[in-house]
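start.txt follows (compact mmCIF, C-alpha atoms):
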```txt
# COMPACT_ATOMS: atom_id res chain seq x y z
CA MET A 212 -133.24 31.96 183.95
CA ALA A 213 -136.20 30.47 185.80
CA SER A 214 -138.72 27.73 185.06
CA THR A 215 -141.46 25.95 186.95
CA ALA A 216 -141.12 22.27 187.79
CA PRO A 217 -144.21 20.02 187.75
CA THR A 218 -145.43 19.30 191.26
CA THR A 219 -148.51 18.04 193.06
CA LEU A 220 -148.52 21.05 195.37
CA GLU A 221 -150.94 23.92 194.81
CA LYS A 222 -148.02 26.25 194.15
CA PRO A 223 -145.34 25.09 191.70
CA ILE A 224 -141.68 25.00 192.64
CA VAL A 225 -139.66 27.49 190.65
CA VAL A 226 -136.29 26.32 189.31
CA LEU A 227 -133.81 29.19 189.12
CA TYR A 228 -130.69 28.84 187.02
CA TRP A 229 -128.39 31.21 188.89
CA LEU A 230 -125.23 32.47 187.19
CA GLU A 231 -122.39 34.07 189.12
CA LYS A 232 -121.78 37.81 188.54
CA SER A 233 -125.06 38.18 186.71
CA ARG A 234 -128.49 39.75 186.89
CA SER A 235 -130.05 36.48 188.05
CA GLN A 236 -129.38 37.61 191.64
CA ARG A 237 -132.40 39.89 191.27
CA ILE A 238 -134.66 36.91 190.60
CA LEU A 239 -133.34 35.11 193.66
CA TRP A 240 -134.08 38.22 195.75
CA LEU A 241 -137.58 38.44 194.24
CA LEU A 242 -138.27 34.79 195.08
CA GLU A 243 -137.25 35.47 198.68
CA GLU A 244 -139.60 38.46 198.83
CA LEU A 245 -142.47 36.46 197.31
CA LYS A 246 -141.77 33.53 199.65
CA VAL A 247 -142.06 31.13 196.74
CA ASP A 248 -140.59 27.64 197.00
CA TYR A 249 -137.67 27.32 194.63
CA GLU A 250 -134.84 25.05 193.59
CA LEU A 251 -131.48 26.64 192.87
CA LYS A 252 -129.06 25.44 190.22
CA ILE A 253 -125.66 27.17 190.28
CA PHE A 254 -123.69 27.95 187.12
CA HIS A 255 -120.26 29.56 186.73
CA ARG A 256 -118.76 31.61 183.95
CA ASN A 257 -115.94 30.32 181.78
CA PRO A 258 -112.82 31.38 183.71
CA LYS A 259 -111.02 32.42 180.53
CA THR A 260 -113.75 34.01 178.42
CA HIS A 261 -116.14 34.95 181.27
CA LEU A 262 -118.99 33.82 179.01
CA ALA A 263 -122.14 32.27 180.45
CA PRO A 264 -123.38 28.75 179.66
CA PRO A 265 -126.11 28.84 176.96
CA ARG A 266 -128.86 27.58 179.25
CA THR A 267 -128.59 30.61 181.51
CA GLN A 268 -129.50 33.13 178.83
CA ALA A 269 -132.85 34.69 179.71
CA LYS A 270 -134.57 38.04 180.23
CA SER A 271 -134.84 39.13 183.86
CA GLY A 272 -137.55 41.66 183.07
CA PHE A 273 -139.85 39.01 181.59
CA ILE A 274 -139.18 36.62 184.46
CA THR A 275 -139.85 39.35 187.03
CA GLU A 276 -143.17 40.29 185.42
CA TYR A 277 -144.24 36.65 185.14
CA LEU A 278 -143.48 35.87 188.78
CA LEU A 279 -145.23 39.01 190.01
CA GLU A 280 -148.32 38.32 187.93
CA HIS A 281 -148.64 34.87 189.49
CA PHE A 282 -147.30 35.23 193.03
CA ALA A 283 -147.55 38.88 194.11
CA ASP A 284 -150.97 38.65 195.78
CA GLY A 285 -150.76 39.80 199.38
CA THR A 286 -147.56 41.77 198.78
CA THR A 287 -146.75 45.34 197.77
CA LEU A 288 -144.28 44.24 195.09
CA LEU A 289 -146.82 44.84 192.31
CA PRO A 290 -148.57 48.22 192.72
CA LYS A 291 -152.32 48.56 192.30
CA ARG A 292 -153.03 49.34 188.66
CA TYR A 293 -156.15 51.52 188.71
CA LYS A 294 -157.45 54.28 190.90
CA GLU A 295 -160.48 53.39 193.00
CA GLY A 296 -163.62 53.19 190.88
CA GLN A 297 -161.69 53.72 187.61
CA GLU A 298 -160.89 50.10 186.80
CA GLY A 299 -160.22 49.41 183.13
CA LYS A 300 -160.27 53.05 182.04
CA VAL A 301 -157.43 54.40 179.88
CA GLY A 302 -155.44 57.09 181.68
CA CYS A 303 -156.78 56.14 185.12
CA GLU A 304 -153.79 54.12 186.23
CA THR A 305 -152.16 54.97 189.56
CA GLU A 306 -148.87 56.85 189.54
CA GLU A 307 -147.28 53.97 191.45
CA TRP A 308 -148.24 51.48 188.72
CA MET A 309 -147.13 53.77 185.89
CA ARG A 310 -143.75 54.23 187.53
CA TYR A 311 -143.48 50.49 188.10
CA LYS A 312 -144.08 49.73 184.40
CA PHE A 313 -141.66 52.46 183.33
CA TYR A 314 -138.82 51.26 185.52
CA MET A 315 -139.34 47.62 184.56
CA HIS A 316 -138.21 48.63 181.07
CA TYR A 317 -135.86 51.47 182.02
CA ALA A 318 -133.59 49.19 184.06
CA GLU A 319 -132.62 47.00 181.12
CA GLY A 320 -133.41 49.24 178.16
CA SER A 321 -131.60 52.37 179.33
CA LEU A 322 -129.34 52.21 182.38
CA MET A 323 -127.96 48.69 181.93
CA THR A 324 -126.76 49.52 178.42
CA PHE A 325 -124.27 52.04 179.76
CA MET A 326 -123.19 49.73 182.58
CA VAL A 327 -122.27 47.03 180.07
CA LEU A 328 -120.37 49.53 177.92
CA ALA A 329 -118.47 50.66 181.02
CA LEU A 330 -117.46 47.03 181.53
CA VAL A 331 -116.23 46.82 177.93
CA ALA A 332 -114.23 50.04 178.36
CA GLY A 333 -112.65 48.61 181.50
CA GLN A 334 -111.67 45.44 179.64
CA ILE A 335 -110.09 47.50 176.87
CA LYS A 336 -108.06 49.44 179.42
CA SER A 337 -106.85 46.31 181.23
CA SER A 338 -106.37 44.14 178.14
CA PRO A 339 -103.11 42.14 178.01
CA VAL A 340 -101.24 44.05 175.33
CA PRO A 341 -97.54 44.97 174.97
CA PHE A 342 -96.46 47.89 177.17
CA PHE A 343 -96.02 50.25 174.23
CA ILE A 344 -99.68 49.64 173.24
CA LYS A 345 -100.99 50.35 176.77
CA PRO A 346 -101.20 54.15 176.21
CA ILE A 347 -103.40 53.52 173.17
CA THR A 348 -105.86 51.13 174.87
CA GLY A 349 -105.89 53.34 177.95
CA GLY A 350 -106.57 56.39 175.80
CA VAL A 351 -109.41 54.68 173.94
CA ALA A 352 -111.05 53.59 177.20
CA GLY A 353 -110.60 57.08 178.64
CA LYS A 354 -112.25 58.70 175.63
CA ILE A 355 -115.21 56.30 175.84
CA HIS A 356 -115.73 57.38 179.43
CA SER A 357 -115.15 61.12 179.09
CA ASN A 358 -116.98 61.64 175.79
CA PHE A 359 -119.87 59.22 176.15
CA LEU A 360 -120.28 57.26 179.38
CA ASP A 361 -119.69 59.95 182.00
CA PRO A 362 -122.17 62.46 180.50
CA ASN A 363 -124.82 59.74 180.20
CA PHE A 364 -124.28 58.51 183.75
CA ILE A 365 -124.67 62.08 185.00
CA THR A 366 -127.95 62.41 183.08
CA HIS A 367 -129.35 59.13 184.41
CA PHE A 368 -128.24 59.64 188.00
CA ASN A 369 -129.68 63.17 188.08
CA PHE A 370 -132.93 61.76 186.70
CA LEU A 371 -133.10 59.04 189.35
CA GLU A 372 -132.24 61.54 192.09
CA GLU A 373 -135.19 63.69 190.95
CA GLN A 374 -137.49 60.69 190.73
CA LEU A 375 -136.72 59.71 194.30
CA THR A 376 -137.43 63.27 195.40
CA SER A 377 -140.87 63.14 193.76
CA SER A 378 -141.76 59.57 194.79
CA PRO A 379 -145.52 59.17 195.39
CA GLY A 380 -146.56 59.68 199.00
CA GLY A 381 -143.08 60.87 199.89
CA GLY A 382 -141.86 57.29 199.56
CA LYS A 383 -138.26 56.21 199.78
CA TYR A 384 -138.55 53.89 196.78
CA LEU A 385 -139.01 54.86 193.14
CA CYS A 386 -142.67 53.86 192.99
CA GLY A 387 -143.74 55.03 196.44
CA PRO A 388 -143.37 53.97 200.08
CA ASN A 389 -143.03 50.24 199.32
CA LEU A 390 -140.41 48.08 197.64
CA THR A 391 -141.62 46.85 194.23
CA GLY A 392 -140.40 44.47 191.57
CA ALA A 393 -139.14 47.48 189.62
CA ASP A 394 -136.80 48.43 192.48
CA ILE A 395 -135.47 44.88 192.55
CA LEU A 396 -134.90 44.89 188.79
CA LEU A 397 -133.09 48.23 188.98
CA SER A 398 -130.93 47.07 191.88
CA PHE A 399 -128.35 45.20 189.81
CA PRO A 400 -127.01 48.02 187.60
CA LEU A 401 -126.93 50.37 190.59
CA LEU A 402 -125.32 47.97 193.06
CA ALA A 403 -122.91 46.47 190.55
CA GLY A 404 -121.97 49.72 188.84
CA ARG A 405 -121.77 52.10 191.77
CA SER A 406 -118.02 51.78 192.18
CA ARG A 407 -117.14 52.56 188.55
CA THR A 408 -119.63 55.22 187.46
CA GLY A 409 -119.00 58.27 189.65
CA LEU A 410 -122.08 57.59 191.78
CA THR A 411 -121.14 59.15 195.13
CA LYS A 412 -123.12 60.16 198.19
CA GLU A 413 -121.90 63.74 197.83
CA LYS A 414 -123.28 64.11 194.29
CA TYR A 415 -126.41 61.97 194.59
CA PRO A 416 -127.40 61.66 198.28
CA LYS A 417 -130.92 60.29 197.74
CA LEU A 418 -129.85 57.78 195.10
CA TYR A 419 -126.90 56.64 197.19
CA ASP A 420 -129.13 56.12 200.23
CA TYR A 421 -131.64 54.31 198.02
CA ILE A 422 -128.96 51.83 196.95
CA ASP A 423 -127.88 51.32 200.55
CA ARG A 424 -131.52 50.76 201.51
CA MET A 425 -131.94 48.02 198.90
CA GLU A 426 -128.72 46.37 200.00
CA ALA A 427 -130.07 46.33 203.57
CA GLU A 428 -133.42 44.76 202.61
CA PRO A 429 -133.95 41.45 204.46
CA GLY A 430 -134.89 39.67 201.24
CA TYR A 431 -131.72 40.83 199.52
CA LYS A 432 -129.60 39.72 202.48
CA LYS A 433 -131.26 36.31 202.42
CA SER A 434 -130.55 35.92 198.71
CA VAL A 435 -126.88 36.74 199.23
CA ALA A 436 -126.64 34.40 202.24
CA LYS A 437 -128.17 31.59 200.16
CA ILE A 438 -125.46 31.91 197.50
CA ILE A 439 -122.67 32.06 200.09
CA GLU A 440 -124.11 28.97 201.77
CA ILE A 441 -124.16 26.99 198.51
CA ASP A 442 -121.28 28.47 196.50
CA GLY A 443 -118.98 29.74 199.26
CA LYS A 444 -118.81 33.31 197.97
CA PHE A 445 -120.84 36.12 196.45
CA GLU A 446 -119.73 39.01 194.26
CA ILE A 447 -121.97 41.50 192.53
CA THR A 448 -120.41 43.11 189.51
CA VAL A 449 -121.35 44.03 185.95
```

As structure tokens, please, write out the structure in this file.
Amino acid sequence: MASTAPTTLEKPIVVLYWLEKSRSQRILWLLEELKVDYELKIFHRNPKTHLAPPRTQAKSGFITEYLLEHFADGTTLLPKRYKEGQEGKVGCETEEWMRYKFYMHYAEGSLMTFMVLALVAGQIKSSPVPFFIKPITGGVAGKIHSNFLDPNFITHFNFLEEQLTSSPGGGKYLCGPNLTGADILLSFPLLAGRSRTGLTKEKYPKLYDYIDRMEAEPGYKKSVAKIIEIDGKFEITV
């Protein structure tokens, strides 16, 4: 969750409510990329329930779009909307911008849904039940994966692999040659879910390299270092 604090400076100071093991890490990365002054407030999950404090509930997609609309000038994080000389005309948007808008919604509306369900299946499998119940919970979790999650992950990862292959201008990012806000928004489900979804370099070489590339971005590294500096540790997980 992010808000802007009143200030006498020309640019406001953004207050980011950062929650451990959450999607808010993307907003911190975005702020580093935008070079916007910000204040960081750290929140932790309930150690027993793993639930987040109420104040941290917000929509990363909305926050990302808002920040880009106000602070993206002079960066490549928000692609140019219209083709040269076609400003304001329906159907004359650039491919980079169309991809950007698509992935801003795809990240949360499609891919993240399955990542969260994979987390639920994992919790079912590892739930503290009597030993004679373990085969049942393990079987339920296994069926969720084999009958629903695994086929959907294959569909989405194949799609993303193809999208990277056809990136505008032969770019290495989903919207072209430059990192955009859409890549940052998509980073969390890919980085956090890579270890539990069958996403391997052998099966999806371009997608795997894409994830490594995002993890190596200077802005991402700065955002991680900031959390380690303040909180002592950093862990990205769904």

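CA of Pro429 (chain A) to CA of Thr324 (chain A) spans 28.2 Å [interatomic distance, one decimal].
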
Protein and nucleic acid residues near (-139.1, 51.3, 184.0) (cut-off 12 Å, all atoms listed in the file) as a VMD selection string
chain A and resid 272 276 307 to 323 371 374 385 to 386 391 to 397

Any chance you can output those residues with C-alpha atoms as a compact mmCIF listing (two decimals), in the frame of the given file?
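What landed in result13.txt:
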```
# COMPACT_ATOMS: atom_id res chain seq x y z
CA GLY A 272 -137.55 41.66 183.07
CA GLU A 276 -143.17 40.29 185.42
CA GLU A 307 -147.28 53.97 191.45
CA TRP A 308 -148.24 51.48 188.72
CA MET A 309 -147.13 53.77 185.89
CA ARG A 310 -143.75 54.23 187.53
CA TYR A 311 -143.48 50.49 188.10
CA LYS A 312 -144.08 49.73 184.40
CA PHE A 313 -141.66 52.46 183.33
CA TYR A 314 -138.82 51.26 185.52
CA MET A 315 -139.34 47.62 184.56
CA HIS A 316 -138.21 48.63 181.07
CA TYR A 317 -135.86 51.47 182.02
CA ALA A 318 -133.59 49.19 184.06
CA GLU A 319 -132.62 47.00 181.12
CA GLY A 320 -133.41 49.24 178.16
CA SER A 321 -131.60 52.37 179.33
CA LEU A 322 -129.34 52.21 182.38
CA MET A 323 -127.96 48.69 181.93
CA LEU A 371 -133.10 59.04 189.35
CA GLN A 374 -137.49 60.69 190.73
CA LEU A 385 -139.01 54.86 193.14
CA CYS A 386 -142.67 53.86 192.99
CA THR A 391 -141.62 46.85 194.23
CA GLY A 392 -140.40 44.47 191.57
CA ALA A 393 -139.14 47.48 189.62
CA ASP A 394 -136.80 48.43 192.48
CA ILE A 395 -135.47 44.88 192.55
CA LEU A 396 -134.90 44.89 188.79
CA LEU A 397 -133.09 48.23 188.98
```

Region 246-248 of chain A environment, 7 Å, only C-alpha atoms, sequence neighbours closer than 3 positions dropped, as a PyMOL selection string:
chain A and resi 224-225+242-243

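Put simply, CA of Phe368 (chain A) is 16.0 Å away from CA of Val327 (chain A).
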
Pairwise distance, CA of Glu373 (chain A) with CA of Arg407 (chain A), equals 21.3 Å

Residue nearest Glu250 (chain A) among A:Ala436, A:Trp229, A:Ser235, A:Asn369 (counting all atoms listed in the file)
A:Trp229

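Residues surrounding Glu304 (chain A) within 9 Å are A:Lys291, A:Arg292, A:Tyr293, A:Lys294, A:Gln297, A:Glu298, A:Gly299, A:Lys300, A:Val301, A:Glu307, A:Trp308, A:Met309 [all atoms listed in the file; sequence separation below 3 positions excluded].
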
Take the residues that were just selected and, keeping C-alpha atoms, output them as a PDB file, in the coordinates of the input.
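Listed below is the output, result25.pdb:
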```pdb
ATOM      1  CA  LYS A 291    -152.320  48.560 192.300  1.00  0.00           C
ATOM      2  CA  ARG A 292    -153.030  49.340 188.660  1.00  0.00           C
ATOM      3  CA  TYR A 293    -156.150  51.520 188.710  1.00  0.00           C
ATOM      4  CA  LYS A 294    -157.450  54.280 190.900  1.00  0.00           C
ATOM      5  CA  GLN A 297    -161.690  53.720 187.610  1.00  0.00           C
ATOM      6  CA  GLU A 298    -160.890  50.100 186.800  1.00  0.00           C
ATOM      7  CA  GLY A 299    -160.220  49.410 183.130  1.00  0.00           C
ATOM      8  CA  LYS A 300    -160.270  53.050 182.040  1.00  0.00           C
ATOM      9  CA  VAL A 301    -157.430  54.400 179.880  1.00  0.00           C
ATOM     10  CA  GLU A 307    -147.280  53.970 191.450  1.00  0.00           C
ATOM     11  CA  TRP A 308    -148.240  51.480 188.720  1.00  0.00           C
ATOM     12  CA  MET A 309    -147.130  53.770 185.890  1.00  0.00           C
TER      13      MET A 309
END
```

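The nearest approach to Tyr415 (chain A) among the residues A:Lys444, A:Leu402, A:Val435, A:His367, with all atoms listed in the file taken into account, belongs to A:His367.
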
Extract, using all atoms listed in the file, all DNA, RNA and protein residues at most 9 Å from Arg234 (chain A), discarding same-chain residues fewer than 3 positions from it, and format them as a compact mmCIF listing (two decimals) with C-alpha atoms, in the coordinates of the input.
```
# COMPACT_ATOMS: atom_id res chain seq x y z
CA TRP A 229 -128.39 31.21 188.89
CA LEU A 230 -125.23 32.47 187.19
CA GLU A 231 -122.39 34.07 189.12
CA ARG A 237 -132.40 39.89 191.27
CA ILE A 238 -134.66 36.91 190.60
CA SER A 271 -134.84 39.13 183.86
CA LEU A 396 -134.90 44.89 188.79
CA PHE A 399 -128.35 45.20 189.81
CA PRO A 400 -127.01 48.02 187.60
CA ILE A 447 -121.97 41.50 192.53
CA VAL A 449 -121.35 44.03 185.95
```
